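Asker: Can you keep this structure in mind? I'll have questions shortly.
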Amino acid sequence: SGMIYKKSVQEGNTVYYNCSNNITTIIKSVNGIQNKLVVLNDNLGLGNTWQDVNPGSGTNVITDYRIMGKSINREVLGTIYRDVIWVQEKVSINSPVFGNIVSSVTDNYYAKYVGLVDQVIRDGQTGEIILHRVLQNFNIP
């Protein structure tokens, strides 16, 4: 649709990023199915939400986002990032029998002029941390 994306490789998968008008969109392939996700919408205020619905293997994958914090500080590996947006992301599988089943809850912390600096992924049923990623270093030319 005329938008320019930057290509990145994450864990062996190709991901395409676009940031236009304070909205960050990614396109990634999951199990051979291409998904388009709006992972950050800086135009929205605290507590606002949005949703992406993408096809899965026989069911829809629903991603609900909520802005949990704006203009906050986040310390990562001893570095304090200022003007951070905290976005919580809940991924659900829409089962015809059981309804929406939350598979994961992720807290994403985006620092202005840097990007994603911290990510904590929890199991949607137990709340147990299953993955914690942090930005190790970055370079803005």
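Simple scheme: letters A, B, ... for chains in structure tokens order, numbers from 1 for residues in each chain, numbers from 1 for ligands in the order shown.
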Near A:Lys70, counting only C-alpha atoms, which residues have an atom at most 10 Å away, once you skip same-chain residues fewer than 2 positions from it, shown as number ranges by chain?
Answerer: A: 42, 44-47, 67-68, 72-73, 82-87, 109-111
Asker: Extract, using only C-alpha atoms, all DNA, RNA and protein residues at most 12 Å from stretch 9-14 of chain A, discarding same-chain residues fewer than 2 positions from it, and format them as number ranges by chain.
Answerer: A: 5-7, 16-17, 26-32, 34-35
Asker: Can you tell me, as a list of chain:residue names, what residues are no more than 9 Å from A:Ile93 when counting only C-alpha atoms, ignoring any on the same chain fewer than 6 positions away?
Answerer: A:Gly56, A:Thr59, A:Asn60, A:Val61, A:Ile62, A:Thr63, A:Gly99, A:Asn100, A:Ile101, A:Val102, A:Ser103
Asker: Can you write just those residues out, N, CA and C atoms, as a PDB file, in the first residue's frame?
Answerer:
ATOM      1  N   GLY A  56      -4.755 -17.990  12.071  1.00  0.00           N
ATOM      2  CA  GLY A  56      -3.804 -18.963  12.587  1.00  0.00           C
ATOM      3  C   GLY A  56      -4.012 -20.271  11.848  1.00  0.00           C
ATOM      4  N   THR A  59      -7.756 -21.302  13.254  1.00  0.00           N
ATOM      5  CA  THR A  59      -8.458 -20.402  14.163  1.00  0.00           C
ATOM      6  C   THR A  59      -7.853 -19.011  14.031  1.00  0.00           C
ATOM      7  N   ASN A  60      -8.518 -18.016  14.566  1.00  0.00           N
ATOM      8  CA  ASN A  60      -7.967 -16.667  14.546  1.00  0.00           C
ATOM      9  C   ASN A  60      -7.065 -16.452  15.757  1.00  0.00           C
ATOM     10  N   VAL A  61      -6.011 -15.686  15.526  1.00  0.00           N
ATOM     11  CA  VAL A  61      -5.127 -15.252  16.608  1.00  0.00           C
ATOM     12  C   VAL A  61      -5.451 -13.791  16.863  1.00  0.00           C
ATOM     13  N   ILE A  62      -5.872 -13.487  18.088  1.00  0.00           N
ATOM     14  CA  ILE A  62      -6.289 -12.134  18.455  1.00  0.00           C
ATOM     15  C   ILE A  62      -5.234 -11.531  19.363  1.00  0.00           C
ATOM     16  N   THR A  63      -4.750 -10.346  19.006  1.00  0.00           N
ATOM     17  CA  THR A  63      -3.774  -9.644  19.839  1.00  0.00           C
ATOM     18  C   THR A  63      -4.412  -8.345  20.304  1.00  0.00           C
ATOM     19  N   GLY A  99     -13.905 -20.606  23.181  1.00  0.00           N
ATOM     20  CA  GLY A  99     -13.848 -19.149  23.097  1.00  0.00           C
ATOM     21  C   GLY A  99     -12.407 -18.669  23.040  1.00  0.00           C
ATOM     22  N   ASN A 100     -12.158 -17.454  23.529  1.00  0.00           N
ATOM     23  CA  ASN A 100     -10.804 -16.903  23.512  1.00  0.00           C
ATOM     24  C   ASN A 100      -9.988 -17.466  24.675  1.00  0.00           C
ATOM     25  N   ILE A 101      -8.842 -18.040  24.345  1.00  0.00           N
ATOM     26  CA  ILE A 101      -7.931 -18.583  25.338  1.00  0.00           C
ATOM     27  C   ILE A 101      -6.655 -17.750  25.276  1.00  0.00           C
ATOM     28  N   VAL A 102      -6.315 -17.066  26.371  1.00  0.00           N
ATOM     29  CA  VAL A 102      -5.112 -16.222  26.403  1.00  0.00           C
ATOM     30  C   VAL A 102      -3.891 -17.132  26.459  1.00  0.00           C
ATOM     31  N   SER A 103      -3.032 -17.020  25.448  1.00  0.00           N
ATOM     32  CA  SER A 103      -1.832 -17.855  25.406  1.00  0.00           C
ATOM     33  C   SER A 103      -0.623 -17.157  26.013  1.00  0.00           C
TER      34      SER A 103
END
Asker: Write down as a VMD selection string the residues of stretch 3-66 of chain A whose backbone DSSP state falls under strand (DSSP E or B).
Answerer: chain A and resid 6 to 10 13 to 20 23 to 30 33 to 41 49 to 55 60 to 66
Asker: Find the spatial neighbours of A:Glu128, counting only C-alpha atoms, within a cut-off of 12 Å - ignore same-chain residues fewer than 3 positions away - and output them as JSON, numbers by chain.
Answerer: {"A": [103, 104, 105, 106, 120, 121, 122, 123, 124, 125, 131, 132]}
Asker: Grab the residues selected above and save them as a compact mmCIF listing (two decimals), in the first residue's frame with N, CA and C atoms.
Answerer:
# COMPACT_ATOMS: atom_id res chain seq x y z
N SER A 103 -3.03 -17.02 25.45
CA SER A 103 -1.83 -17.86 25.41
C SER A 103 -0.62 -17.16 26.01
N SER A 104 -0.56 -15.81 25.88
CA SER A 104 0.57 -15.09 26.47
C SER A 104 0.19 -13.64 26.76
N VAL A 105 0.89 -13.08 27.73
CA VAL A 105 0.77 -11.66 28.08
C VAL A 105 2.19 -11.10 28.06
N THR A 106 2.39 -10.07 27.25
CA THR A 106 3.73 -9.50 27.08
C THR A 106 3.73 -8.03 27.45
N VAL A 120 8.97 -8.57 28.53
CA VAL A 120 8.73 -9.67 29.46
C VAL A 120 7.50 -10.43 28.97
N ILE A 121 7.68 -11.71 28.64
CA ILE A 121 6.59 -12.53 28.13
C ILE A 121 6.19 -13.53 29.22
N ARG A 122 4.88 -13.56 29.53
CA ARG A 122 4.35 -14.46 30.55
C ARG A 122 3.36 -15.44 29.93
N ASP A 123 3.28 -16.61 30.53
CA ASP A 123 2.27 -17.60 30.14
C ASP A 123 0.90 -17.01 30.43
N GLY A 124 -0.02 -17.11 29.48
CA GLY A 124 -1.34 -16.51 29.61
C GLY A 124 -2.21 -17.16 30.65
N GLN A 125 -1.90 -18.38 31.04
CA GLN A 125 -2.72 -19.09 32.02
C GLN A 125 -2.12 -19.04 33.42
N LEU A 131 9.86 -15.79 28.99
CA LEU A 131 10.97 -15.18 28.26
C LEU A 131 11.13 -13.74 28.69
N HIS A 132 12.38 -13.31 28.90
CA HIS A 132 12.67 -11.92 29.23
C HIS A 132 13.81 -11.47 28.32
Asker: Expressed in Å to a single decimal, how great is the separation between atom CA of A:Thr49 and atom CA of A:Asp64?
Answerer: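 These two atoms are separated by 7.2 Å.
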Asker: Between A:Ser71, A:Asn41, A:Ser8, A:Thr24, which is the closest to A:Lys112 once you count only C-alpha atoms?
Answerer: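 Answer, going by the shortest atom-to-atom distance: A:Ser71.
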Asker: To one decimal place, how far is atom CA of A:Met3 from atom CA of A:Leu40 in Å?
Answerer: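 Interatomic distance, atom CA of A:Met3 to atom CA of A:Leu40: 16.4 Å.
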Asker: Between atom CA of A:Val39 and atom CA of A:Val76, what distance in Å does the model show, to one decimal?
Answerer: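 Here the two named atoms are 20.4 Å from each other.
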Asker: Calculated over only C-alpha atoms, which of the candidates A:Gln119, A:Asn48, A:Thr126, A:Asn43 has the smallest distance to A:Ile23?
Answerer: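 Using only C-alpha atoms, A:Ile23 sits closest to A:Asn43.
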Asker: Tell me which of A:Leu135, A:Ile4, A:Leu77, A:Val114 sits closest to A:Cys19, counting only C-alpha atoms.
Answerer: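 The closest residue to A:Cys19 is A:Ile4.
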